[in-house]
$ cat my_file18.txt   # compact mmCIF, C-alpha atoms and all ligand atoms
# COMPACT_ATOMS: atom_id res chain seq x y z
CA MET V 1 53.97 -36.29 107.81
CA LYS V 2 52.95 -32.67 108.49
CA LEU V 3 49.18 -32.41 109.04
CA GLY V 4 47.81 -28.89 109.24
CA TYR V 5 44.80 -28.19 111.46
CA TYR V 6 42.47 -25.33 110.48
CA SER V 7 39.70 -23.95 112.63
CA HIS V 8 38.48 -20.55 113.83
CA THR V 9 36.28 -19.05 116.54
CA GLU V 10 34.09 -17.64 113.74
CA HIS V 11 32.65 -21.17 113.30
CA LEU V 12 31.10 -20.90 116.76
CA ALA V 13 29.21 -17.73 115.77
CA HIS V 14 26.88 -19.74 113.49
CA GLU V 15 24.31 -20.18 116.26
CA VAL V 16 20.90 -21.41 115.18
CA GLY V 17 19.54 -22.61 118.51
CA ASP V 18 20.28 -25.39 120.95
CA MET V 19 17.66 -27.67 119.39
CA HIS V 20 19.38 -27.70 116.00
CA PRO V 21 21.79 -30.65 115.56
CA GLU V 22 24.37 -28.61 113.63
CA HIS V 23 25.60 -26.98 116.83
CA PRO V 24 28.79 -25.03 117.73
CA MET V 25 29.61 -27.69 120.34
CA ARG V 26 30.54 -30.02 117.46
CA ILE V 27 33.76 -28.08 116.83
CA ILE V 28 34.51 -27.77 120.55
CA ALA V 29 33.99 -31.52 121.10
CA ILE V 30 36.44 -32.43 118.32
CA GLU V 31 39.07 -30.00 119.56
CA HIS V 32 38.69 -31.15 123.15
CA GLN V 33 39.22 -34.77 122.10
CA LEU V 34 42.32 -33.88 120.05
CA GLU V 35 43.68 -31.88 122.96
CA SER V 36 42.96 -34.39 125.72
CA THR V 37 44.65 -37.22 123.81
CA GLY V 38 47.68 -35.08 122.92
CA LEU V 39 47.08 -35.46 119.18
CA LEU V 40 46.46 -31.72 118.72
CA HIS V 41 50.08 -31.04 119.69
CA ASP V 42 51.29 -33.30 116.88
CA LEU V 43 49.30 -31.28 114.33
CA GLN V 44 50.37 -27.97 112.90
CA SER V 45 47.89 -25.27 113.90
CA CYS V 46 47.63 -23.09 110.78
CA PRO V 47 46.39 -19.50 110.37
CA ILE V 48 43.58 -18.91 107.86
CA ASP V 49 43.96 -16.28 105.13
CA ASN V 50 41.21 -13.84 104.18
CA LEU V 51 38.66 -15.29 101.77
CA ASP V 52 39.15 -14.45 98.12
CA HIS V 53 35.61 -14.21 96.69
CA ALA V 54 37.00 -15.21 93.30
CA ASP V 55 37.37 -18.70 94.80
CA LEU V 56 33.61 -18.91 95.43
CA VAL V 57 32.40 -18.07 91.93
CA ARG V 58 34.02 -21.13 90.40
CA ALA V 59 31.56 -23.29 92.39
CA HIS V 60 28.52 -21.04 92.88
CA SER V 61 26.60 -18.68 90.61
CA HIS V 62 26.91 -14.93 91.10
CA GLY V 63 23.16 -14.76 91.61
CA TYR V 64 23.24 -17.32 94.41
CA LEU V 65 26.16 -15.62 96.19
CA ASP V 66 24.42 -12.25 95.93
CA GLN V 67 21.21 -13.78 97.28
CA LEU V 68 23.02 -15.24 100.32
CA ALA V 69 24.45 -11.81 101.16
CA ARG V 70 21.04 -10.20 100.65
CA ILE V 71 19.06 -12.59 102.89
CA SER V 72 21.67 -12.77 105.68
CA PRO V 73 19.74 -11.45 108.72
CA GLU V 74 20.88 -8.53 110.89
CA ASN V 75 19.12 -10.07 113.86
CA GLY V 76 17.15 -13.22 114.59
CA THR V 77 17.09 -16.28 112.35
CA ILE V 78 15.63 -16.96 108.91
CA TYR V 79 15.36 -20.23 106.98
CA ALA V 80 17.47 -20.31 103.80
CA ASP V 81 15.91 -23.69 103.03
CA LYS V 82 13.58 -25.86 105.09
CA ASP V 83 16.45 -27.49 107.04
CA THR V 84 18.92 -24.63 107.02
CA PRO V 85 18.49 -21.78 109.46
CA MET V 86 20.62 -18.69 108.92
CA ALA V 87 21.46 -16.47 111.88
CA VAL V 88 23.48 -13.28 112.23
CA GLY V 89 26.86 -15.08 112.28
CA SER V 90 26.02 -17.81 109.75
CA LEU V 91 27.28 -16.25 106.53
CA LYS V 92 30.54 -15.09 108.13
CA ALA V 93 31.05 -18.62 109.45
CA ALA V 94 30.38 -20.05 105.97
CA TYR V 95 32.88 -17.61 104.43
CA GLN V 96 35.39 -18.60 107.11
CA ALA V 97 34.90 -22.31 106.30
CA ALA V 98 35.56 -21.62 102.61
CA ALA V 99 38.61 -19.56 103.59
CA ALA V 100 39.90 -22.46 105.70
CA VAL V 101 39.74 -24.99 102.87
CA THR V 102 41.24 -22.63 100.29
CA THR V 103 44.06 -21.67 102.70
CA ALA V 104 44.67 -25.36 103.41
CA LEU V 105 44.80 -25.99 99.65
CA ASP V 106 47.28 -23.14 99.20
CA ASP V 107 49.46 -24.49 102.02
CA ILE V 108 49.43 -27.99 100.53
CA MET V 109 50.23 -26.75 97.03
CA MET V 110 53.05 -24.54 98.38
CA ARG V 111 54.36 -27.61 100.28
CA ARG V 112 54.08 -25.92 103.66
CA ILE V 113 52.16 -28.99 104.86
CA ASP V 114 51.40 -32.43 103.38
CA ARG V 115 47.86 -32.97 104.63
CA ALA V 116 45.14 -30.87 106.22
CA PHE V 117 42.06 -31.24 108.39
CA CYS V 118 39.60 -28.32 108.40
CA SER V 119 37.42 -28.43 111.50
CA VAL V 120 34.79 -26.05 110.19
CA ARG V 121 31.07 -25.38 110.13
CA PRO V 122 28.59 -24.90 108.58
CA PRO V 123 29.26 -28.01 106.47
CA GLY V 124 29.22 -27.80 102.67
CA HIS V 125 28.55 -30.95 100.66
CA HIS V 126 24.77 -30.51 100.15
CA ALA V 127 25.09 -26.93 98.80
CA THR V 128 24.57 -27.01 95.03
CA ARG V 129 25.72 -24.38 92.55
CA ARG V 130 22.57 -22.36 93.12
CA GLN V 131 20.91 -23.69 96.27
CA THR V 132 21.30 -23.87 100.04
CA MET V 133 20.51 -27.38 101.27
CA GLY V 134 20.83 -29.60 104.34
CA PHE V 135 22.64 -27.20 106.73
CA CYS V 136 25.05 -26.15 103.90
CA PHE V 137 25.52 -22.71 102.30
CA LEU V 138 28.85 -22.94 100.47
CA ASN V 139 30.30 -26.16 99.09
CA ASN V 140 33.76 -26.02 100.65
CA ILE V 141 35.13 -29.13 98.97
CA ALA V 142 33.86 -28.16 95.48
CA ILE V 143 35.38 -24.68 95.99
CA ALA V 144 38.75 -26.28 96.80
CA ALA V 145 38.44 -28.77 93.91
CA LEU V 146 37.83 -26.05 91.32
CA LYS V 147 40.63 -23.87 92.69
CA ALA V 148 42.99 -26.87 92.50
CA VAL V 149 42.37 -27.34 88.77
CA ASP V 150 41.72 -23.78 87.60
CA PHE V 151 44.30 -21.92 89.71
CA TYR V 152 46.94 -24.59 90.38
CA GLY V 153 46.50 -26.44 87.09
CA LEU V 154 46.02 -29.92 88.53
CA GLU V 155 44.56 -32.41 86.05
CA ARG V 156 43.18 -35.11 88.37
CA VAL V 157 41.51 -34.44 91.72
CA ALA V 158 39.69 -37.18 93.64
CA VAL V 159 36.82 -36.26 95.95
CA ILE V 160 35.95 -38.85 98.59
CA ASP V 161 32.80 -38.28 100.66
CA PHE V 162 31.98 -40.75 103.45
CA ASP V 163 29.30 -38.67 105.18
CA VAL V 164 26.17 -40.76 105.77
CA HIS V 165 24.30 -38.48 103.36
CA GLN V 166 25.09 -38.42 99.64
CA ALA V 167 27.30 -35.62 98.30
CA ASN V 168 24.52 -34.27 96.10
CA GLY V 169 25.84 -30.70 96.06
CA THR V 170 29.39 -31.71 95.19
CA ILE V 171 28.03 -33.96 92.44
CA ASP V 172 25.84 -31.12 91.14
CA ILE V 173 28.87 -28.84 90.82
CA LEU V 174 31.55 -31.30 89.61
CA GLN V 175 29.66 -33.98 87.64
CA GLY V 176 30.62 -34.42 84.00
CA ASP V 177 34.07 -32.86 84.48
CA GLU V 178 36.70 -35.54 83.86
CA ARG V 179 39.27 -33.73 85.98
CA PHE V 180 37.35 -34.99 89.01
CA LEU V 181 36.54 -38.48 90.28
CA ILE V 182 33.82 -38.30 92.95
CA CYS V 183 33.40 -41.25 95.32
CA SER V 184 30.40 -40.94 97.65
CA SER V 185 29.21 -43.52 100.19
CA PHE V 186 25.92 -42.99 101.98
CA GLN V 187 22.87 -44.60 103.52
CA HIS V 188 20.16 -45.38 100.98
CA PRO V 189 17.39 -44.49 101.20
CA ALA V 190 18.06 -41.30 103.18
CA TYR V 191 18.28 -37.54 102.72
CA PRO V 192 18.82 -35.96 100.18
CA TYR V 193 17.05 -38.67 98.11
CA SER V 194 18.87 -37.59 94.94
CA HIS V 195 20.32 -39.70 92.09
CA TRP V 196 21.98 -42.61 93.81
CA GLN V 197 22.55 -44.73 90.70
CA ASN V 198 25.77 -44.18 88.77
CA ILE V 199 24.40 -41.93 86.05
CA TYR V 200 27.50 -39.73 85.76
CA PRO V 201 30.75 -41.15 84.36
CA ASN V 202 32.92 -39.44 86.99
CA VAL V 203 30.82 -40.38 90.04
CA ILE V 204 30.95 -43.71 91.91
CA ASN V 205 28.11 -43.92 94.41
CA ILE V 206 28.07 -46.55 97.14
CA PRO V 207 24.53 -46.75 98.55
CA LEU V 208 24.52 -48.64 101.86
CA ASP V 209 21.53 -50.36 103.46
CA PRO V 210 20.14 -48.91 106.69
CA ASN V 211 21.52 -50.83 109.69
CA SER V 212 24.52 -52.08 107.71
CA ALA V 213 27.89 -52.10 109.48
CA GLY V 214 31.36 -50.76 108.84
CA VAL V 215 32.44 -54.09 107.40
CA ASP V 216 29.87 -53.67 104.61
CA MET V 217 31.28 -50.24 103.81
CA ARG V 218 34.87 -51.56 103.80
CA ARG V 219 33.97 -54.36 101.39
CA ALA V 220 32.13 -51.98 99.04
CA VAL V 221 34.94 -49.41 99.13
CA GLU V 222 37.53 -52.05 98.25
CA GLN V 223 35.36 -53.44 95.45
CA GLN V 224 34.13 -50.21 93.92
CA TRP V 225 36.57 -47.40 94.75
CA LEU V 226 40.04 -48.93 95.10
CA ASN V 227 40.77 -49.82 91.46
CA ALA V 228 39.04 -46.72 90.12
CA LEU V 229 41.04 -44.42 92.39
CA GLN V 230 44.33 -46.14 91.59
CA ALA V 231 43.62 -45.97 87.85
CA PHE V 232 42.65 -42.29 88.15
CA LYS V 233 45.98 -41.46 89.89
CA PRO V 234 44.79 -38.36 91.75
CA GLN V 235 47.32 -35.57 92.24
CA LEU V 236 45.23 -34.38 95.19
CA ILE V 237 42.58 -36.08 97.34
CA LEU V 238 39.83 -33.95 98.85
CA VAL V 239 37.69 -35.54 101.54
CA SER V 240 34.25 -34.57 102.76
CA ALA V 241 34.72 -36.03 106.22
CA GLY V 242 31.30 -36.58 107.75
CA PHE V 243 31.05 -38.75 110.84
CA ASP V 244 27.27 -39.29 110.96
CA ALA V 245 27.48 -42.91 109.80
CA HIS V 246 28.50 -43.74 113.38
CA ARG V 247 26.17 -46.14 115.19
CA ALA V 248 25.35 -43.53 117.86
CA ASP V 249 24.47 -40.75 115.42
CA PRO V 250 20.83 -39.64 115.60
CA MET V 251 20.56 -38.53 111.93
CA ALA V 252 20.83 -41.92 110.19
CA GLU V 253 20.82 -45.68 110.71
CA LEU V 254 24.27 -46.96 109.77
CA ASN V 255 26.28 -48.85 112.37
CA TRP V 256 29.88 -47.73 111.86
CA LEU V 257 32.30 -47.47 114.78
CA GLU V 258 35.29 -45.18 115.42
CA GLU V 259 37.64 -47.85 113.96
CA ASP V 260 35.85 -47.61 110.63
CA PHE V 261 36.88 -43.97 110.29
CA ASN V 262 40.46 -44.93 111.14
CA TRP V 263 40.26 -47.57 108.41
CA LEU V 264 39.00 -44.92 105.96
CA GLY V 265 41.86 -42.60 106.91
CA ARG V 266 44.39 -45.36 106.26
CA PHE V 267 42.64 -46.34 103.00
CA ILE V 268 42.82 -42.75 101.77
CA ALA V 269 46.47 -42.38 102.87
CA ASP V 270 47.32 -45.61 101.00
CA ILE V 271 45.63 -44.35 97.83
CA GLY V 272 47.77 -41.22 98.07
CA LYS V 273 50.94 -43.26 98.57
CA SER V 274 50.16 -45.58 95.66
CA CYS V 275 49.76 -42.51 93.43
CA ALA V 276 52.94 -40.86 94.76
CA SER V 277 50.88 -38.01 96.20
CA SER V 278 50.72 -37.19 99.88
CA ARG V 279 48.31 -34.29 99.27
CA ILE V 280 45.13 -34.98 101.25
CA LEU V 281 42.75 -32.23 102.40
CA SER V 282 39.79 -33.17 104.60
CA SER V 283 36.94 -30.91 105.64
CA LEU V 284 34.34 -31.61 108.31
CA GLU V 285 30.79 -32.33 107.13
CA GLY V 286 28.22 -34.09 109.40
CA GLY V 287 28.37 -35.89 112.74
CA TYR V 288 25.78 -35.00 115.37
CA ASP V 289 26.35 -37.18 118.42
CA LEU V 290 29.07 -35.17 120.15
CA LYS V 291 30.85 -38.09 121.79
CA ALA V 292 30.78 -40.25 118.65
CA LEU V 293 31.77 -37.29 116.47
CA ALA V 294 34.78 -36.43 118.63
CA ALA V 295 35.96 -40.05 118.86
CA SER V 296 35.43 -40.69 115.14
CA ALA V 297 37.17 -37.49 114.01
CA HIS V 298 40.07 -38.29 116.33
CA SER V 299 40.28 -41.81 114.95
CA TYR V 300 40.27 -40.54 111.35
CA ILE V 301 42.78 -37.74 111.93
CA SER V 302 45.18 -40.02 113.80
CA ALA V 303 45.31 -42.31 110.74
CA LEU V 304 46.29 -39.39 108.52
CA ALA V 305 48.78 -37.89 111.00
CA GLU V 306 50.94 -41.03 111.11
ZN ZN I 1 25.46 -35.97 106.83

$ encode --input "my_file18.txt" --output "structure tokens"
Amino acid sequence: MKLGYYSHTEHLAHEVGDMHPEHPMRIIAIEHQLESTGLLHDLQSCPIDNLDHADLVRAHSHGYLDQLARISPENGTIYADKDTPMAVGSLKAAYQAAAAVTTALDDIMMRRIDRAFCSVRPPGHHATRRQTMGFCFLNNIAIAALKAVDFYGLERVAVIDFDVHQANGTIDILQGDERFLICSSFQHPAYPYSHWQNIYPNVINIPLDPNSAGVDMRRAVEQQWLNALQAFKPQLILVSAGFDAHRADPMAELNWLEEDFNWLGRFIADIGKSCASSRILSSLEGGYDLKALAASAHSYISALAE
């Protein structure tokens, strides 16, 4: 199984202060863990193509994209929303993250690799079509999803999001489009406090109680996602891989352990196998305790690299 690894030094240039949890060290911690365990050498380190802005406008409005470029500061830091600081290197880092996922998609569709992990920041899944939210400027996974159907002609794309926060931005962009099945698990109640009931036919939310454990997630995933995903028969699985449901994470109150992310990796790989599709593209979302993030990402990636 060829798993492509996508990352870039540009992601470290999104520097919004040492007190902010969405810190450049997140990428370094993951890479260090992959390197020290030898797993990085089993992955295929892949170059990232230049961003094609045509890929962004499928997911975001022209007005929003223009506004991001207009407010991007030449020095210092501004707030693009109340939680989302934007510094000199932020927009370039966001473009680079979108370029990583679209390059990974291209490589998967051209059969250069089978699976991909994009170790990128800023994250993307809270960004809506027209709004910056929750540390996110561009919705990387929605950008890849829309390119997969509009450019590559796929008819069924599953989006799995196991970040501890609901995939409100991805749902905003992809809800109501039957080419997508969106499966989002998250702590409830918690940020972003958006629609957590299943009000959209192509969205299966799994709200999880604060302080619940990985075993509760596993049971809910098997009960609520397994049959739906198998019936949907995705030709491609996109994953918003957030690791902030870990017990040590400071941003939420779920009690998952590293093994739970390995279980999720194997669950997702099995869904792909049962649908005769090995195409799985994961992109980093949250995860703010560096040690837990590195161990959890390693655990997840090792399941998909087997
Ligand atoms: Zn999160």

$ residues_around --input "my_file18.txt" --residues "Asp106 (chain V)" --least-positions-apart "2" --cutoff "12 Å" --atoms "all atoms listed in the file" --output "MDAnalysis selection string"
chainID V and resid 4 46:49 51:52 55 99:104 108:116 144:145 147:148 151:152 279 281

$ residues_around --input "my_file18.txt" --residues "region 187-204 of chain V" --least-positions-apart "4" --cutoff "10 Å" --atoms "only C-alpha atoms" --output "PyMOL selection string"
chain V and resi 126+133-134+158-160+162-169+171+174-183+208-212+224-225+228+245+251-254

$ closest_residue --input "my_file18.txt" --among "V:Ala94, V:Ile301, V:His246, V:Lys82" --to "Leu56 (chain V)" --atoms "all atoms listed in the file"
V:Ala94

$ closest_residue --input "my_file18.txt" --among "V:Arg266, V:Arg156, V:Arg70, V:Arg26" --to "Glu285 (chain V)" --atoms "all atoms listed in the file"
V:Arg26

$ residues_around --input "my_file18.txt" --residues "Thr128 (chain V)" --least-positions-apart "2" --cutoff "7 Å" --atoms "all atoms listed in the file" --output "MDAnalysis selection string"
chainID V and resid 126 130:132 169:170 172:173

$ closest_residue --input "my_file18.txt" --among "V:Val157, V:Arg219, V:Trp263, V:Pro122" --to "ligand ZN 1 (chain I)" --atoms "all atoms listed in the file"
V:Pro122

$ closest_residue --input "my_file18.txt" --among "V:Phe135, V:Trp256, V:Tyr300, V:Phe232" --to "ligand ZN 1 (chain I)" --atoms "only C-alpha atoms and all ligand atoms"
V:Phe135

$ atom_distance --input "my_file18.txt" --atom1 "CA of Leu293 (chain V)" --atom2 "CA of Leu236 (chain V)"
25.3 Å

$ closest_residue --input "my_file18.txt" --among "V:Leu264, V:Ala241, V:Ala292, V:Leu34" --to "ligand ZN 1 (chain I)" --atoms "all atoms listed in the file"
V:Ala241

$ atom_distance --input "my_file18.txt" --atom1 "CA of Ala303 (chain V)" --atom2 "CA of Asp270 (chain V)"
10.5 Å

$ atom_distance --input "my_file18.txt" --atom1 "CA of Ile28 (chain V)" --atom2 "CA of Asp249 (chain V)"
17.2 Å

$ closest_residue --input "my_file18.txt" --among "V:Gly124, V:Gly272, V:Leu238, V:Ser296" --to "ligand ZN 1 (chain I)" --atoms "only C-alpha atoms and all ligand atoms"
V:Gly124

$ residues_around --input "my_file18.txt" --residues "Leu12 (chain V)" --least-positions-apart "6" --cutoff "9 Å" --atoms "all atoms listed in the file" --output "list in words"
His23, Pro24, Met25, Ile27, Ile28, Gly89, Ala93 and Arg121 of chain V
